[in-house]
Amino acid sequence: MTHPVRFTAAITREGQWYVARCLEVEVASQGESLDQALDNLREALELYFEDVDLTELPVTPILAPVTVELPQP
């Protein structure tokens with residue numbers, strides 16, 4: 001039996017690829033489109049959790065913006 005669990009994905013564009021990273025666990029995937037990257041991440045997460053003890057699921061991170069001062073290029 002399965003049940004849905006929501007995770008947080010951070011997606012960046014790297015060249016021709018979209019890279020989707022799960023923030024709760026160290027799983028990432030990529031695709032040629034945003035939707036493909038998310039679909040591939042979903043599949044990678046399902047495979048990852050096949051071998052993980054599910055008694056304690058990862059905690060959702062607190063997301064907060066951070067501003068830093070950087071030198072001018």
# chains A, B, ... in the order shown; residues from 1 in each chain; ligands from 1

$ residues_around --residues "range 50-59 of chain A" --least-positions-apart "2" --cutoff "10 Å" --atoms "only C-alpha atoms" --output "ChimeraX atom specification"
/A:5,7,23-25,45-48,61-62

$ write_last_selection --atoms "N, CA, C and O atoms" --output "compact mmCIF listing (two decimals), in the first residue's frame"
# COMPACT_ATOMS: atom_id res chain seq x y z
N VAL A 5 3.42 11.49 -0.04
CA VAL A 5 4.22 12.30 0.88
C VAL A 5 4.79 13.45 0.06
O VAL A 5 5.34 13.24 -1.01
N PHE A 7 7.41 16.42 -0.77
CA PHE A 7 8.77 16.86 -0.56
C PHE A 7 8.97 18.20 -1.26
O PHE A 7 8.14 18.62 -2.06
N LEU A 23 15.12 18.82 -1.23
CA LEU A 23 15.76 19.48 -0.10
C LEU A 23 15.74 18.64 1.17
O LEU A 23 16.53 18.87 2.08
N GLU A 24 14.85 17.67 1.26
CA GLU A 24 14.76 16.86 2.46
C GLU A 24 15.76 15.71 2.47
O GLU A 24 16.23 15.31 3.54
N VAL A 25 16.07 15.16 1.32
CA VAL A 25 17.04 14.07 1.20
C VAL A 25 17.96 14.38 0.03
O VAL A 25 17.62 15.17 -0.84
N LEU A 45 13.12 9.61 -6.31
CA LEU A 45 12.73 9.55 -4.91
C LEU A 45 12.03 8.24 -4.58
O LEU A 45 12.27 7.64 -3.54
N GLU A 46 11.16 7.78 -5.47
CA GLU A 46 10.48 6.51 -5.25
C GLU A 46 11.49 5.37 -5.17
O GLU A 46 11.38 4.50 -4.31
N LEU A 47 12.49 5.39 -6.03
CA LEU A 47 13.54 4.36 -5.99
C LEU A 47 14.37 4.48 -4.72
O LEU A 47 14.70 3.48 -4.09
N TYR A 48 14.69 5.70 -4.32
CA TYR A 48 15.48 5.93 -3.11
C TYR A 48 14.76 5.35 -1.89
O TYR A 48 15.37 4.68 -1.06
N PRO A 61 12.39 21.19 5.41
CA PRO A 61 13.25 22.29 5.85
C PRO A 61 12.49 23.60 5.93
O PRO A 61 11.46 23.78 5.28
N ILE A 62 13.01 24.50 6.73
CA ILE A 62 12.48 25.86 6.77
C ILE A 62 13.16 26.63 5.63
O ILE A 62 14.39 26.65 5.55

$ residues_around --residues "Ala9 in chain A" --least-positions-apart "4" --cutoff "7 Å" --atoms "only C-alpha atoms" --output "PyMOL selection string"
chain A and resi 20-23

$ write_last_selection --atoms "all heavy atoms" --output "PDB file, in the first residue's frame"
ATOM      1  N   ALA A  20      16.690  19.189 -10.774  1.00  0.00           N
ATOM      2  CA  ALA A  20      15.764  19.211  -9.643  1.00  0.00           C
ATOM      3  C   ALA A  20      16.402  18.478  -8.479  1.00  0.00           C
ATOM      4  O   ALA A  20      16.825  17.332  -8.607  1.00  0.00           O
ATOM      5  CB  ALA A  20      14.443  18.552 -10.038  1.00  0.00           C
ATOM      6  N   ARG A  21      16.482  19.161  -7.332  1.00  0.00           N
ATOM      7  CA  ARG A  21      17.076  18.584  -6.120  1.00  0.00           C
ATOM      8  C   ARG A  21      16.026  18.563  -5.017  1.00  0.00           C
ATOM      9  O   ARG A  21      15.339  19.557  -4.798  1.00  0.00           O
ATOM     10  CB  ARG A  21      18.261  19.425  -5.658  1.00  0.00           C
ATOM     11  CG  ARG A  21      19.424  19.433  -6.620  1.00  0.00           C
ATOM     12  CD  ARG A  21      20.510  20.425  -6.157  1.00  0.00           C
ATOM     13  NE  ARG A  21      21.629  20.436  -7.055  1.00  0.00           N
ATOM     14  CZ  ARG A  21      21.723  21.192  -8.158  1.00  0.00           C
ATOM     15  NH1 ARG A  21      20.726  22.003  -8.480  1.00  0.00           N
ATOM     16  NH2 ARG A  21      22.791  21.141  -8.913  1.00  0.00           N
ATOM     17  N   CYS A  22      15.947  17.451  -4.328  1.00  0.00           N
ATOM     18  CA  CYS A  22      15.062  17.343  -3.175  1.00  0.00           C
ATOM     19  C   CYS A  22      15.783  17.937  -1.976  1.00  0.00           C
ATOM     20  O   CYS A  22      16.940  17.611  -1.723  1.00  0.00           O
ATOM     21  CB  CYS A  22      14.697  15.882  -2.920  1.00  0.00           C
ATOM     22  SG  CYS A  22      13.622  15.679  -1.490  1.00  0.00           S
ATOM     23  N   LEU A  23      15.118  18.819  -1.235  1.00  0.00           N
ATOM     24  CA  LEU A  23      15.758  19.482  -0.096  1.00  0.00           C
ATOM     25  C   LEU A  23      15.739  18.641   1.173  1.00  0.00           C
ATOM     26  O   LEU A  23      16.531  18.870   2.077  1.00  0.00           O
ATOM     27  CB  LEU A  23      15.097  20.833   0.158  1.00  0.00           C
ATOM     28  CG  LEU A  23      15.183  21.841  -0.995  1.00  0.00           C
ATOM     29  CD1 LEU A  23      14.545  23.159  -0.591  1.00  0.00           C
ATOM     30  CD2 LEU A  23      16.616  22.051  -1.448  1.00  0.00           C
TER      31      LEU A  23
END

$ select_by_dssp --residues "chain A" --states "alpha helix (DSSP H)" --output "NGL selection string"
:A and (34-48)

$ select_by_dssp --residues "range 18-73 of chain A" --states "strand (DSSP E)" --output "PyMOL selection string"
chain A and resi 18-22+28-31

$ write_last_selection --atoms "N, CA and C atoms" --output "PDB file, in the first residue's frame"
ATOM      1  N   TYR A  18      17.410  21.196 -16.861  1.00  0.00           N
ATOM      2  CA  TYR A  18      16.834  21.610 -15.594  1.00  0.00           C
ATOM      3  C   TYR A  18      17.250  20.565 -14.566  1.00  0.00           C
ATOM      4  N   VAL A  19      17.791  21.010 -13.444  1.00  0.00           N
ATOM      5  CA  VAL A  19      18.236  20.098 -12.392  1.00  0.00           C
ATOM      6  C   VAL A  19      17.317  20.287 -11.198  1.00  0.00           C
ATOM      7  N   ALA A  20      16.690  19.189 -10.774  1.00  0.00           N
ATOM      8  CA  ALA A  20      15.764  19.211  -9.643  1.00  0.00           C
ATOM      9  C   ALA A  20      16.402  18.478  -8.479  1.00  0.00           C
ATOM     10  N   ARG A  21      16.482  19.161  -7.332  1.00  0.00           N
ATOM     11  CA  ARG A  21      17.076  18.584  -6.120  1.00  0.00           C
ATOM     12  C   ARG A  21      16.026  18.563  -5.017  1.00  0.00           C
ATOM     13  N   CYS A  22      15.947  17.451  -4.328  1.00  0.00           N
ATOM     14  CA  CYS A  22      15.062  17.343  -3.175  1.00  0.00           C
ATOM     15  C   CYS A  22      15.783  17.937  -1.976  1.00  0.00           C
ATOM     16  N   ALA A  28      18.731  13.926  -6.468  1.00  0.00           N
ATOM     17  CA  ALA A  28      18.599  14.913  -7.541  1.00  0.00           C
ATOM     18  C   ALA A  28      18.401  14.192  -8.859  1.00  0.00           C
ATOM     19  N   SER A  29      17.839  14.914  -9.817  1.00  0.00           N
ATOM     20  CA  SER A  29      17.682  14.379 -11.162  1.00  0.00           C
ATOM     21  C   SER A  29      17.649  15.557 -12.122  1.00  0.00           C
ATOM     22  N   GLN A  30      17.548  15.269 -13.404  1.00  0.00           N
ATOM     23  CA  GLN A  30      17.539  16.336 -14.396  1.00  0.00           C
ATOM     24  C   GLN A  30      16.614  15.978 -15.542  1.00  0.00           C
ATOM     25  N   GLY A  31      16.305  16.982 -16.359  1.00  0.00           N
ATOM     26  CA  GLY A  31      15.490  16.765 -17.543  1.00  0.00           C
ATOM     27  C   GLY A  31      15.644  17.922 -18.498  1.00  0.00           C
TER      28      GLY A  31
END

$ atom_distance --atom1 "CA of Leu63 in chain A" --atom2 "CA of Thr8 in chain A"
9.7 Å
